[in-house]
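One structure below.
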Amino acid sequence: MRVSVGELIFDVDVAGPESGEPVLLLHGFPQYSGEWAGVAALLHPYGCRTVAPDQRGYSPGARPAEVSAYAMAELVADALAIMDALGCATFHVVGHDWGGVVGWQLAARYPERVRTLTAVSVPHPGAIAEALDEDASQRERFGYIQLYQQPGKAEEVLLADDAARLRRMFTGCPPERVEGYVDRIRQPGALTAALNWYRAMPPGGLAELEIIEVPTTYVWSDADFAIGTVAAQRCAGYVKGEYEFVALGRVGHWIPDAAPEPLATAIVRRVIAPDGATPG
């Protein structure tokens, strides 16, 4: 379906029981809502109503040209407006990669709206900031961000040789999924819009964020190319509410695609039993 937010039109995949628990699924870079297909199907039998939008820059009808239009406040406002349009006053949030960053912001700034948070791959921004200060490995892992913030240069590098570097980025992601992501991000204007998320980051990053008080699960893999052990382990220090850390072995960064079953289990445990108990 399509949801209008001001002058923008978002493509949104809504599925599952109509009266179910609303679960907002936020994708990462350089993907789209389709990364949640396998996970969403596993959530529906537990009574979850999933809402998976193609976020700003990824929906063709929501692709403003200005870099400033991709500031975090705009991305957070999009998520809230989409859920408002669907009549969801409160909801659960699941976010992967950049979608996880938006999820952390939602949970910190709008706890009255967010019932629970499940962040996938990316920990609380404060944990990342700590790791960048203390861990040379984490600084090396984030080296690609400097490239992504260079207008024109990043697009040229990622799309050269039939998007060879873009494809290599998806190491560990099922091959049948990769081509779909590459085809979509190569559409006119799509890659630049997606990279504008990086280009709109403030110079100091996104570390200035409150401690999270809503029930939270953080799911990470020890084979993630972008997030190392230090950042992952420091995440717990930024959550005061009920917290669970789920570490997956050798899955890589693309958890929703590569490990939908264990991820869905973690989400169900959080959404259906936010006190941390295993659902019956």
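Residue numbering restarts at 1 for every chain of the structure tokens, chains are lettered A, B, ... in their displayed order, and ligands are numbered from 1 as they appear.
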Could you produce a table of the residues of range 51-98 of chain A lying within 12 Å of range 248-267 of chain A, with the nearest pair of atoms per residue and their separation in Å rounded to one decimal, using only C-alpha atoms, ordered by chain and increasing residue number, as JSON lines?
{"residue": "A:His92", "atom": "CA", "partner": "A:Ile267", "partner_atom": "CA", "distance": 9.6}
{"residue": "A:Val93", "atom": "CA", "partner": "A:Ile267", "partner_atom": "CA", "distance": 9.5}
{"residue": "A:Val94", "atom": "CA", "partner": "A:Ile267", "partner_atom": "CA", "distance": 7.7}
{"residue": "A:Gly95", "atom": "CA", "partner": "A:Pro256", "partner_atom": "CA", "distance": 9.9}
{"residue": "A:His96", "atom": "CA", "partner": "A:Pro256", "partner_atom": "CA", "distance": 7.8}
{"residue": "A:Asp97", "atom": "CA", "partner": "A:His253", "partner_atom": "CA", "distance": 8.3}
{"residue": "A:Trp98", "atom": "CA", "partner": "A:His253", "partner_atom": "CA", "distance": 12.0}
Just to be explicit: take each residue in the selection above, keep C-alpha atoms, and write the result as a PDB file, in the first residue's frame.
ATOM      1  CA  HIS A  92       6.812  -2.185  18.608  1.00  0.00           C
ATOM      2  CA  VAL A  93       9.925  -1.223  16.627  1.00  0.00           C
ATOM      3  CA  VAL A  94      12.395  -3.544  14.901  1.00  0.00           C
ATOM      4  CA  GLY A  95      15.228  -1.920  12.979  1.00  0.00           C
ATOM      5  CA  HIS A  96      18.237  -3.239  11.095  1.00  0.00           C
ATOM      6  CA  ASP A  97      21.355  -1.221  10.218  1.00  0.00           C
ATOM      7  CA  TRP A  98      20.207   2.393   9.581  1.00  0.00           C
TER       8      TRP A  98
END
(request) Using DSSP on the backbone coordinates, identify the residues of range 155-203 of chain A assigned to alpha helix (DSSP H); present them as an MDAnalysis selection string. (result) chainID A and resid 155:169 175:185 190:199
May I have the selected residues written with C-alpha atoms, as an mmCIF file, in the first residue's frame?
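Listing of part.cif after writing:
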data_model
loop_
_atom_site.group_PDB
_atom_site.id
_atom_site.type_symbol
_atom_site.label_atom_id
_atom_site.label_comp_id
_atom_site.auth_asym_id
_atom_site.auth_seq_id
_atom_site.Cartn_x
_atom_site.Cartn_y
_atom_site.Cartn_z
ATOM 1 C CA GLU A 155 28.210 6.456 -6.471
ATOM 2 C CA GLU A 156 31.019 6.015 -8.979
ATOM 3 C CA VAL A 157 32.922 3.540 -6.810
ATOM 4 C CA LEU A 158 29.892 1.487 -5.787
ATOM 5 C CA LEU A 159 28.443 1.215 -9.292
ATOM 6 C CA ALA A 160 31.673 0.653 -11.250
ATOM 7 C CA ASP A 161 32.174 -2.674 -13.053
ATOM 8 C CA ASP A 162 28.482 -3.545 -12.990
ATOM 9 C CA ALA A 163 28.171 -2.590 -9.288
ATOM 10 C CA ALA A 164 30.898 -5.062 -8.292
ATOM 11 C CA ARG A 165 31.718 -3.322 -4.993
ATOM 12 C CA LEU A 166 28.056 -2.998 -4.130
ATOM 13 C CA ARG A 167 27.635 -6.733 -4.633
ATOM 14 C CA ARG A 168 30.707 -7.536 -2.534
ATOM 15 C CA MET A 169 29.173 -5.591 0.309
ATOM 16 C CA PRO A 175 22.707 -14.690 -3.367
ATOM 17 C CA GLU A 176 19.098 -14.792 -4.529
ATOM 18 C CA ARG A 177 18.403 -11.724 -2.391
ATOM 19 C CA VAL A 178 21.435 -9.719 -3.492
ATOM 20 C CA GLU A 179 20.398 -9.114 -7.092
ATOM 21 C CA GLY A 180 17.046 -7.739 -5.995
ATOM 22 C CA TYR A 181 18.718 -5.218 -3.720
ATOM 23 C CA VAL A 182 21.272 -4.220 -6.349
ATOM 24 C CA ASP A 183 18.630 -3.800 -9.057
ATOM 25 C CA ARG A 184 16.524 -1.495 -6.881
ATOM 26 C CA ILE A 185 19.375 0.660 -5.609
ATOM 27 C CA ALA A 190 18.011 5.702 -5.588
ATOM 28 C CA LEU A 191 21.648 5.259 -4.571
ATOM 29 C CA THR A 192 22.259 8.977 -4.083
ATOM 30 C CA ALA A 193 19.127 9.246 -1.938
ATOM 31 C CA ALA A 194 20.223 6.284 0.184
ATOM 32 C CA LEU A 195 23.730 7.708 0.594
ATOM 33 C CA ASN A 196 22.207 11.005 1.727
ATOM 34 C CA TRP A 197 21.463 9.309 5.053
ATOM 35 C CA TYR A 198 25.239 9.257 5.596
ATOM 36 C CA ARG A 199 25.758 12.740 4.170
#
(request) Considering only C-alpha atoms, state which residue in the set A:Trp220, A:Phe225, A:Tyr110, A:Tyr70 is at the smallest distance from Arg139 in chain A. (result)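 Closest candidate: A:Phe225.
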(request) Fewer than 5 positions away in the same chain doesn't count, so skip those; otherwise give me all residues within 12 Å of Ile82 in chain A, counting only C-alpha atoms, as a VMD selection string. (result) chain A and resid 1 to 6 8 to 14 24 to 26 51 to 56 75 to 77 87 to 91
(request) Find the residue from A:Gly99, A:Val67, A:Leu86, A:Gln31 that sits nearest to Gln150 in chain A; use only C-alpha atoms when measuring. (result)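 Looking only at the distances to Gln150 in chain A, the closest residue turns out to be A:Val67.
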(request) Using only C-alpha atoms, determine which residues lie at most 12 Å from Gly20 in chain A, disregarding the query and same-chain residues fewer than 2 positions distant; provide the list as an MDAnalysis selection string. (result) chainID A and resid 14:18 22:23 43:51 88 91:92 271:272
(message) Under the rule that only C-alpha atoms are counted, which of A:Gln138, A:Ala69, A:Ile145, A:Thr116 is the nearest residue to Glu244 in chain A?
(response) A:Thr116
(request) Would you mind writing down, as an NGL selection string, each residue of range 4-237 of chain A that DSSP on the backbone assigns to strand (DSSP E)? (result) :A and (4-5 or 8-15 or 21-26 or 48-53 or 91-96 or 114-120 or 216-221)
(message) Considering only C-alpha atoms, can you say which of A:Glu35, A:Glu21, A:Glu242, A:Glu208 comes closest to His124 in chain A?
(response)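 Looking at the shortest contact to His124 in chain A, the residue is A:Glu208.
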(request) For CA of Thr217 in chain A and CA of Val239 in chain A, quote the distance in Å rounded to one decimal. (result)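 These atoms are spaced 9.6 Å apart.
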(message) If we count only C-alpha atoms and set the cut-off at 10 Å, which residues sit around Tyr243 in chain A, ignoring sequence neighbours fewer than 5 positions away in its own chain? Please answer as a ChimeraX atom specification.
(response) /A:117-118,212-218,235-238,270,274-276
What would the file look like if the residues just selected were written as a PDB file, in the first residue's frame with C-alpha atoms?
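Dumped to part-v4.pdb:
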ATOM      1  CA  LEU A 117      12.605  -2.081  20.610  1.00  0.00           C
ATOM      2  CA  THR A 118      14.544  -4.796  18.827  1.00  0.00           C
ATOM      3  CA  ILE A 212      16.698   3.774  26.634  1.00  0.00           C
ATOM      4  CA  GLU A 213      13.990   2.869  29.125  1.00  0.00           C
ATOM      5  CA  VAL A 214      11.659   0.761  26.960  1.00  0.00           C
ATOM      6  CA  PRO A 215      12.150  -3.043  26.917  1.00  0.00           C
ATOM      7  CA  THR A 216      14.946  -3.673  24.417  1.00  0.00           C
ATOM      8  CA  THR A 217      16.632  -6.541  22.600  1.00  0.00           C
ATOM      9  CA  TYR A 218      19.880  -6.109  20.697  1.00  0.00           C
ATOM     10  CA  CYS A 235      25.232  -1.482  24.293  1.00  0.00           C
ATOM     11  CA  ALA A 236      23.895  -2.817  27.602  1.00  0.00           C
ATOM     12  CA  GLY A 237      25.150   0.281  29.385  1.00  0.00           C
ATOM     13  CA  TYR A 238      22.720   2.455  27.453  1.00  0.00           C
ATOM     14  CA  ARG A 270      10.445  -9.326  23.055  1.00  0.00           C
ATOM     15  CA  PRO A 274       8.448  -8.178  26.939  1.00  0.00           C
ATOM     16  CA  ASP A 275       9.503  -9.331  30.404  1.00  0.00           C
ATOM     17  CA  GLY A 276      11.969 -11.647  28.655  1.00  0.00           C
TER      18      GLY A 276
END
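The interatomic distance for the pair CA of Val230 in chain A and CA of Val114 in chain A works out to 26.9 Å.
Counting only C-alpha atoms, the residue from A:Gly241, A:Gly38, A:Pro123, A:Gly189 that sits nearest to Ala226 in chain A is A:Pro123.
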(message) Taking only C-alpha atoms into account, name the residue in A:Ala154, A:Ala129, A:Ala108, A:Ala200 that is nearest to Ala232 in chain A.
(response) A:Ala129
